[in-house]
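Okay, my_file29.txt is below, compact mmCIF, C-alpha atoms:
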```txt
# COMPACT_ATOMS: atom_id res chain seq x y z
CA MET H 1133 -21.76 -94.24 14.91
CA ARG H 1134 -24.86 -95.91 16.38
CA GLY H 1135 -22.64 -98.35 18.26
CA LYS H 1136 -21.04 -95.48 20.13
CA GLU H 1137 -24.43 -94.05 21.05
CA ILE H 1138 -25.64 -97.36 22.44
CA ARG H 1139 -22.51 -97.94 24.48
CA LEU H 1140 -22.40 -94.35 25.77
CA GLU H 1141 -25.80 -94.95 27.36
CA ARG H 1142 -24.14 -97.62 29.50
CA ILE H 1143 -21.64 -95.01 30.72
CA MET H 1144 -23.76 -91.85 31.00
CA LYS H 1145 -27.23 -91.35 32.47
CA ARG H 1146 -29.57 -91.07 29.51
CA ASP H 1147 -31.97 -88.39 30.72
CA THR H 1148 -29.32 -86.03 32.13
CA SER H 1149 -26.23 -86.81 30.01
CA THR H 1150 -24.23 -86.89 33.24
CA THR H 1151 -22.03 -89.58 34.74
CA VAL H 1152 -20.33 -90.75 37.91
CA ILE H 1153 -17.32 -92.88 37.05
CA VAL H 1154 -15.02 -94.62 39.54
CA PRO H 1155 -11.54 -95.32 38.16
CA MET H 1156 -9.95 -98.49 39.52
CA ASP H 1157 -6.88 -98.59 37.29
CA HIS H 1158 -4.49 -97.91 40.18
CA GLY H 1159 -3.47 -101.56 40.49
CA VAL H 1160 -1.00 -101.22 37.62
CA SER H 1161 0.51 -97.93 38.76
CA SER H 1162 0.47 -98.46 42.53
CA GLY H 1163 -0.28 -102.13 43.21
CA PRO H 1164 -2.92 -103.56 45.60
CA ILE H 1165 -3.70 -100.35 47.46
CA PRO H 1166 -6.43 -100.19 50.15
CA GLY H 1167 -9.87 -100.24 48.59
CA LEU H 1168 -8.78 -102.26 45.56
CA ILE H 1169 -7.41 -105.42 47.13
CA ASP H 1170 -10.73 -107.19 46.50
CA LEU H 1171 -11.81 -105.85 43.10
CA GLU H 1172 -15.09 -107.73 43.04
CA ARG H 1173 -16.19 -106.24 46.35
CA SER H 1174 -15.03 -102.75 45.32
CA VAL H 1175 -17.03 -102.82 42.10
CA ASP H 1176 -20.07 -104.18 43.90
CA LEU H 1177 -20.02 -101.37 46.47
CA VAL H 1178 -19.73 -98.49 44.01
CA ALA H 1179 -22.36 -100.10 41.79
CA LYS H 1180 -24.73 -100.26 44.76
CA GLY H 1181 -24.09 -96.55 45.27
CA GLY H 1182 -25.27 -95.83 41.74
CA ALA H 1183 -22.01 -95.29 39.85
CA ASN H 1184 -22.49 -95.34 36.09
CA ALA H 1185 -19.17 -96.95 35.23
CA VAL H 1186 -15.79 -98.11 36.48
CA ILE H 1187 -12.43 -97.80 34.74
CA GLY H 1188 -9.77 -100.47 34.97
CA HIS H 1189 -7.32 -102.67 33.14
CA MET H 1190 -7.87 -106.20 31.87
CA GLY H 1191 -7.63 -107.54 35.41
CA LEU H 1192 -10.78 -105.67 36.34
CA ALA H 1193 -12.69 -107.31 33.51
CA MET H 1194 -11.37 -110.76 34.38
CA HIS H 1195 -11.48 -110.66 38.17
CA GLY H 1196 -13.85 -107.97 39.42
CA HIS H 1197 -16.51 -106.78 37.02
CA ARG H 1198 -20.10 -108.04 36.74
CA LYS H 1199 -19.58 -110.83 39.24
CA GLY H 1200 -22.79 -109.89 41.04
CA GLY H 1201 -24.84 -106.99 42.31
CA PRO H 1202 -26.18 -104.11 40.18
CA ASP H 1203 -24.92 -103.75 36.63
CA ILE H 1204 -22.37 -101.04 35.92
CA GLY H 1205 -20.58 -99.83 32.81
CA LEU H 1206 -17.06 -101.05 32.07
CA ILE H 1207 -14.36 -98.81 30.59
CA LEU H 1208 -11.07 -100.56 29.88
CA HIS H 1209 -7.93 -98.46 30.17
CA LEU H 1210 -5.51 -98.89 27.27
CA SER H 1211 -2.38 -97.17 28.61
CA ALA H 1212 -0.25 -97.52 31.73
CA SER H 1213 2.91 -96.78 33.69
CA THR H 1214 4.08 -97.73 37.18
CA ASP H 1215 5.14 -95.59 40.12
CA LEU H 1216 8.50 -97.41 40.06
CA GLY H 1217 9.31 -96.47 36.47
CA PRO H 1218 11.87 -93.75 35.66
CA ASP H 1219 9.04 -91.45 34.49
CA PRO H 1220 5.50 -92.28 35.63
CA ASN H 1221 4.23 -89.60 33.22
CA ASN H 1222 5.39 -91.77 30.31
CA LYS H 1223 2.27 -93.77 29.46
CA VAL H 1224 2.56 -96.67 27.02
CA MET H 1225 -0.12 -98.68 25.25
CA ILE H 1226 -0.90 -102.04 26.87
CA ASN H 1227 -4.27 -102.99 25.32
CA THR H 1228 -6.28 -102.50 22.13
CA VAL H 1229 -9.77 -101.39 21.18
CA GLN H 1230 -10.50 -104.74 19.55
CA ASN H 1231 -9.47 -106.68 22.63
CA ALA H 1232 -11.58 -104.40 24.83
CA LEU H 1233 -14.57 -105.26 22.63
CA LYS H 1234 -13.86 -108.96 23.05
CA MET H 1235 -13.77 -108.50 26.82
CA GLY H 1236 -17.19 -106.85 26.88
CA ALA H 1237 -16.14 -103.25 27.47
CA ASP H 1238 -18.63 -100.43 27.02
CA GLY H 1239 -15.83 -97.95 26.40
CA VAL H 1240 -12.07 -97.47 26.47
CA SER H 1241 -9.82 -94.83 27.99
CA ILE H 1242 -6.34 -93.54 27.37
CA HIS H 1243 -4.08 -91.25 29.43
CA VAL H 1244 -2.27 -88.29 27.85
CA ASN H 1245 0.03 -85.93 29.75
CA ILE H 1246 0.14 -82.64 27.86
CA GLY H 1247 3.50 -80.96 28.36
CA ALA H 1248 5.35 -84.12 29.36
CA GLU H 1249 8.59 -84.98 27.60
CA ASN H 1250 6.97 -87.82 25.65
CA GLU H 1251 3.83 -85.85 24.78
CA ALA H 1252 4.29 -86.57 21.07
CA ASN H 1253 4.10 -90.34 21.54
CA MET H 1254 0.99 -90.10 23.71
CA LEU H 1255 -0.73 -87.81 21.21
CA SER H 1256 0.06 -90.27 18.45
CA ASP H 1257 -1.47 -93.08 20.53
CA LEU H 1258 -4.58 -90.98 21.20
CA GLY H 1259 -5.08 -90.26 17.52
CA ASN H 1260 -4.68 -93.90 16.54
CA VAL H 1261 -7.05 -95.12 19.26
CA ALA H 1262 -9.66 -92.50 18.31
CA ILE H 1263 -9.64 -93.73 14.71
CA GLU H 1264 -10.04 -97.34 15.87
CA CYS H 1265 -12.92 -96.30 18.13
CA ILE H 1266 -14.72 -94.74 15.17
CA GLU H 1267 -14.19 -97.94 13.19
CA TRP H 1268 -15.56 -100.18 15.96
CA GLY H 1269 -18.21 -97.89 17.46
CA MET H 1270 -16.43 -97.73 20.81
CA PRO H 1271 -16.70 -94.66 23.11
CA LEU H 1272 -13.36 -93.11 24.03
CA LEU H 1273 -12.61 -91.32 27.31
CA ALA H 1274 -9.36 -89.35 27.17
CA MET H 1275 -7.65 -88.51 30.44
CA MET H 1276 -6.03 -85.19 29.52
CA TYR H 1277 -3.71 -83.81 32.18
CA PRO H 1278 -1.48 -80.72 31.94
CA ARG H 1279 2.04 -81.57 33.01
CA GLY H 1280 5.56 -80.23 32.69
CA LYS H 1281 7.59 -77.20 33.68
CA LYS H 1282 5.30 -74.71 31.92
CA ILE H 1283 2.39 -75.49 34.25
CA ASN H 1284 1.91 -73.32 37.33
CA GLY H 1285 -0.88 -71.68 39.31
CA ASP H 1286 -0.93 -68.59 37.12
CA ASN H 1287 -1.68 -70.42 33.89
CA LEU H 1288 -3.50 -73.48 35.20
CA THR H 1289 -6.82 -72.62 33.56
CA GLU H 1290 -5.18 -71.99 30.19
CA SER H 1291 -3.31 -75.29 30.48
CA VAL H 1292 -6.46 -77.26 31.35
CA LYS H 1293 -8.35 -75.54 28.51
CA LEU H 1294 -5.63 -76.62 26.09
CA ALA H 1295 -5.49 -80.18 27.38
CA ALA H 1296 -9.26 -80.64 27.15
CA ARG H 1297 -9.48 -79.10 23.70
CA VAL H 1298 -6.68 -81.28 22.38
CA GLY H 1299 -8.55 -84.39 23.50
CA SER H 1300 -11.77 -83.34 21.81
CA GLU H 1301 -9.97 -82.26 18.64
CA LEU H 1302 -8.28 -85.66 18.37
CA GLY H 1303 -11.48 -87.66 18.64
CA ALA H 1304 -12.34 -88.34 22.30
CA ASP H 1305 -16.02 -88.66 23.25
CA ILE H 1306 -15.50 -87.73 26.91
CA ILE H 1307 -12.67 -85.73 28.45
CA LYS H 1308 -11.39 -86.29 31.97
CA THR H 1309 -9.22 -83.51 33.38
CA ILE H 1310 -8.48 -81.62 36.56
CA TYR H 1311 -10.70 -78.99 38.14
CA THR H 1312 -9.44 -75.42 37.83
CA GLY H 1313 -10.58 -74.41 41.31
CA ASP H 1314 -13.77 -72.44 40.73
CA PRO H 1315 -16.89 -72.62 38.51
CA ASP H 1316 -16.12 -69.52 36.45
CA SER H 1317 -12.67 -70.64 35.34
CA PHE H 1318 -13.92 -74.17 34.71
CA LYS H 1319 -16.64 -72.79 32.43
CA GLU H 1320 -13.83 -71.67 30.16
CA VAL H 1321 -12.74 -75.30 29.94
CA THR H 1322 -16.17 -76.80 29.27
CA GLN H 1323 -17.22 -74.06 26.84
CA GLY H 1324 -14.02 -74.53 24.85
CA CYS H 1325 -14.40 -78.30 24.55
CA HIS H 1326 -16.64 -80.02 21.99
CA VAL H 1327 -17.48 -83.02 24.17
CA PRO H 1328 -18.56 -83.67 27.78
CA VAL H 1329 -15.93 -82.99 30.45
CA VAL H 1330 -15.65 -84.87 33.74
CA ILE H 1331 -13.33 -83.95 36.56
CA ALA H 1332 -10.70 -86.05 38.26
CA GLY H 1333 -10.88 -86.41 42.03
CA GLY H 1334 -7.18 -85.96 42.63
CA SER H 1335 -5.49 -87.08 45.83
CA LYS H 1336 -7.50 -88.34 48.78
CA THR H 1337 -8.96 -85.46 50.77
CA ASP H 1338 -11.74 -84.65 53.24
CA ILE H 1339 -15.38 -85.21 52.34
CA LEU H 1340 -16.45 -81.56 52.43
CA SER H 1341 -13.69 -80.52 50.02
CA THR H 1342 -14.53 -83.37 47.66
CA MET H 1343 -18.26 -82.64 47.60
CA GLU H 1344 -17.65 -78.91 47.13
CA LEU H 1345 -15.28 -79.72 44.28
CA ILE H 1346 -18.01 -81.80 42.60
CA GLU H 1347 -20.61 -79.08 43.12
CA GLY H 1348 -18.31 -76.38 41.74
CA ALA H 1349 -17.44 -78.45 38.69
CA MET H 1350 -21.10 -79.07 37.90
CA GLN H 1351 -21.79 -75.34 38.22
CA GLY H 1352 -18.95 -74.83 35.76
CA GLY H 1353 -20.54 -77.05 33.14
CA ALA H 1354 -19.03 -80.44 33.93
CA ALA H 1355 -20.86 -83.57 32.79
CA GLY H 1356 -19.85 -85.45 35.90
CA VAL H 1357 -16.92 -86.85 37.82
CA SER H 1358 -14.32 -89.57 37.63
CA ILE H 1359 -13.24 -90.03 41.24
CA GLY H 1360 -11.15 -92.95 42.47
CA ARG H 1361 -9.43 -92.95 45.87
CA ASN H 1362 -11.93 -90.65 47.54
CA ALA H 1363 -14.65 -93.14 46.51
CA PHE H 1364 -13.23 -96.64 46.86
CA GLN H 1365 -11.11 -95.78 49.93
CA HIS H 1366 -14.04 -94.22 51.78
CA LYS H 1367 -15.27 -96.18 54.79
CA TYR H 1368 -18.59 -96.61 52.98
CA PRO H 1369 -17.92 -96.41 49.22
CA ASP H 1370 -21.57 -96.99 48.35
CA LYS H 1371 -22.69 -94.02 50.47
CA PHE H 1372 -19.95 -91.81 49.03
CA VAL H 1373 -21.02 -92.64 45.48
CA ARG H 1374 -24.67 -92.11 46.34
CA ALA H 1375 -23.82 -88.64 47.66
CA ALA H 1376 -21.80 -87.82 44.53
CA CYS H 1377 -24.70 -88.98 42.34
CA MET H 1378 -27.02 -86.58 44.14
CA ILE H 1379 -24.85 -83.64 43.11
CA VAL H 1380 -24.15 -84.86 39.58
CA HIS H 1381 -27.51 -86.30 38.52
CA GLU H 1382 -29.93 -84.38 40.74
CA ARG H 1383 -28.02 -81.09 41.08
CA ARG H 1384 -28.24 -81.17 44.85
CA THR H 1385 -25.78 -79.18 46.96
CA ALA H 1386 -22.61 -80.42 48.59
CA GLN H 1387 -24.16 -79.91 52.00
CA GLU H 1388 -27.19 -82.01 51.09
CA ALA H 1389 -24.88 -84.76 49.86
CA ILE H 1390 -22.89 -84.69 53.09
CA GLU H 1391 -26.08 -85.16 55.07
CA ILE H 1392 -26.65 -88.36 53.10
CA LEU H 1393 -23.21 -89.58 54.17
CA LYS H 1394 -23.87 -88.68 57.78
CA ASN H 1395 -27.32 -90.19 58.00
CA GLY H 1396 -26.73 -93.18 55.75
CA ASP H 1397 -30.06 -92.70 53.96
```
Hey, can you dump this file as structure tokens for me?
Amino acid sequence: MRGKEIRLERIMKRDTSTTVIVPMDHGVSSGPIPGLIDLERSVDLVAKGGANAVIGHMGLAMHGHRKGGPDIGLILHLSASTDLGPDPNNKVMINTVQNALKMGADGVSIHVNIGAENEANMLSDLGNVAIECIEWGMPLLAMMYPRGKKINGDNLTESVKLAARVGSELGADIIKTIYTGDPDSFKEVTQGCHVPVVIAGGSKTDILSTMELIEGAMQGGAAGVSIGRNAFQHKYPDKFVRAACMIVHERRTAQEAIEILKNGD
């Protein structure tokens, strides 16, 4: 397991066990959206801001990662679907752990939609990938999202708790899931999960809401964030990431982080 430990230190800050990850896997699902047209520039900007790692598909490794600027961890995503498919929640495997190792990845990720119609297939994929990751000493981040008709506002926390726990039970080293809305309810998620939990950023929103979301998640026991559009589509991605790092790694407040964005320090 020493291989996992070494690689996890390229993804998570060693002295705090926290992480700021910027997912850039949207090119497969949504195409060349703003902020990801020039992958090399996008990676360089978030790396300058202090992000610990980026997530992407093989194209990120081949065309955008470690071309220059500060070093940053690389997590290769192993599953995918497109927005034009009949069911975007149906994720299929498109890469392997062994190939990710060959491409220099520090970790791999897989997407599982709990409650979706094809949940069984995605759970099977997660279990198989987790076993391969143990064999090869590769960290595994599982994106565990509650989906389906049984999910609503009244049982959101219970659904997120289940999704996170499933990921940890099936062998993930880091869980990415949605924020439940407040620190107390999110504590139920983090306390019921064996491994570190990071929150997804969700749809693009205003800066104050995003920073308050990060602060609340950290108060609820999160190990960090995995925020995409709000980071790479910001006017100054490096400043946005720097502000997020203040909250995650230094436990500063959302208001303090916003001042960084305003002043550009």
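Here atom CA of H:Leu1393 is placed at a distance of 11.1 Å from atom CA of H:Met1378.
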Subject >> Atom-to-atom span, atom CA of H:Arg1139 and atom CA of H:Leu1171, Å >> reply: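 Between atom CA of H:Arg1139 and atom CA of H:Leu1171 the gap works out to 22.9 Å.
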Give me the residues of stretch 1148-1243 of chain H that have any atom at most 6 Å from an atom of stretch 1265-1281 of chain H; for each, the nearest atom pair and the distance in Å, rounded to one decimal. Use only C-alpha atoms, sort by chain and number, and format it as a Markdown table.
```
| residue | atom | partner | partner_atom | distance |
| --- | --- | --- | --- | --- |
| H:Gly1239 | CA | H:Pro1271 | CA | 4.7 |
| H:Val1240 | CA | H:Leu1272 | CA | 5.2 |
| H:Ser1241 | CA | H:Leu1273 | CA | 4.5 |
| H:Ile1242 | CA | H:Ala1274 | CA | 5.2 |
| H:His1243 | CA | H:Met1275 | CA | 4.6 |
```
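Nearest residue to H:Leu1345 among H:Ser1149, H:Asn1184, H:Ser1174, H:Thr1312 is H:Thr1312, counting only C-alpha atoms.
Closest approach to H:Gly1163 among H:Gly1303, H:Asp1215, H:Met1343, H:His1366: H:Asp1215, based on all atoms listed in the file.
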**OP:** Compare H:Leu1140, H:Lys1180, H:Arg1297, H:Leu1192 by their minimum atom-to-atom distance to H:Tyr1368, counting all atoms listed in the file, and give me the closest one.
**Re:**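 Looking only at the distances to H:Tyr1368, the closest residue turns out to be H:Lys1180.
Here atom CA of H:Asp1203 stands at a distance of 22.4 Å from atom CA of H:Gln1230.
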Original post:
Which of these residues is nearest to H:Ser1300, using only C-alpha atoms: H:Gly1259, H:Gly1352, H:Gly1333, H:Pro1315?
Top reply: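 The shortest atom-to-atom distance to H:Ser1300 comes from H:Gly1259.
For the residues H:Ala1232, H:Ile1310, H:Ala1363, H:Ala1179, ranking by smallest atom-to-atom distance to H:Gly1191 using all atoms listed in the file places H:Ala1232 first.
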**OP:** Show which residues sit within 12 Å of H:Phe1372, as a PyMOL selection string. Count only C-alpha atoms, and ignore same-chain residues fewer than 2 positions away.
**Re:** chain H and resi 1152+1154+1177-1183+1338-1340+1342-1343+1359-1370+1374-1379+1386+1389-1397
**OP:** Rank nothing, just name the residue among H:Lys1145, H:Lys1319, H:Arg1134, H:His1197 nearest to H:Val1380, using all atoms listed in the file.
**Re:** H:Lys1145
**OP:** Write out as a VMD selection string which residues come within 10 Å of H:Ile1331 when counting only C-alpha atoms, dropping same-chain ones fewer than 6 positions away.
**Re:** chain H and resid 1152 to 1153 1275 1307 to 1312 1318 1345 to 1346 1349 to 1350 1354 to 1359
For the selection just defined, write its residues with C-alpha atoms to a file, as a CSV table (one decimal), keeping the file's coordinate frame.
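Ended up saving to selection22.csv:
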```csv
chain,number,residue,atom,x,y,z
H,1152,VAL,CA,-20.3,-90.8,37.9
H,1153,ILE,CA,-17.3,-92.9,37.0
H,1275,MET,CA,-7.6,-88.5,30.4
H,1307,ILE,CA,-12.7,-85.7,28.4
H,1308,LYS,CA,-11.4,-86.3,32.0
H,1309,THR,CA,-9.2,-83.5,33.4
H,1310,ILE,CA,-8.5,-81.6,36.6
H,1311,TYR,CA,-10.7,-79.0,38.1
H,1312,THR,CA,-9.4,-75.4,37.8
H,1318,PHE,CA,-13.9,-74.2,34.7
H,1345,LEU,CA,-15.3,-79.7,44.3
H,1346,ILE,CA,-18.0,-81.8,42.6
H,1349,ALA,CA,-17.4,-78.4,38.7
H,1350,MET,CA,-21.1,-79.1,37.9
H,1354,ALA,CA,-19.0,-80.4,33.9
H,1355,ALA,CA,-20.9,-83.6,32.8
H,1356,GLY,CA,-19.8,-85.4,35.9
H,1357,VAL,CA,-16.9,-86.8,37.8
H,1358,SER,CA,-14.3,-89.6,37.6
H,1359,ILE,CA,-13.2,-90.0,41.2
```
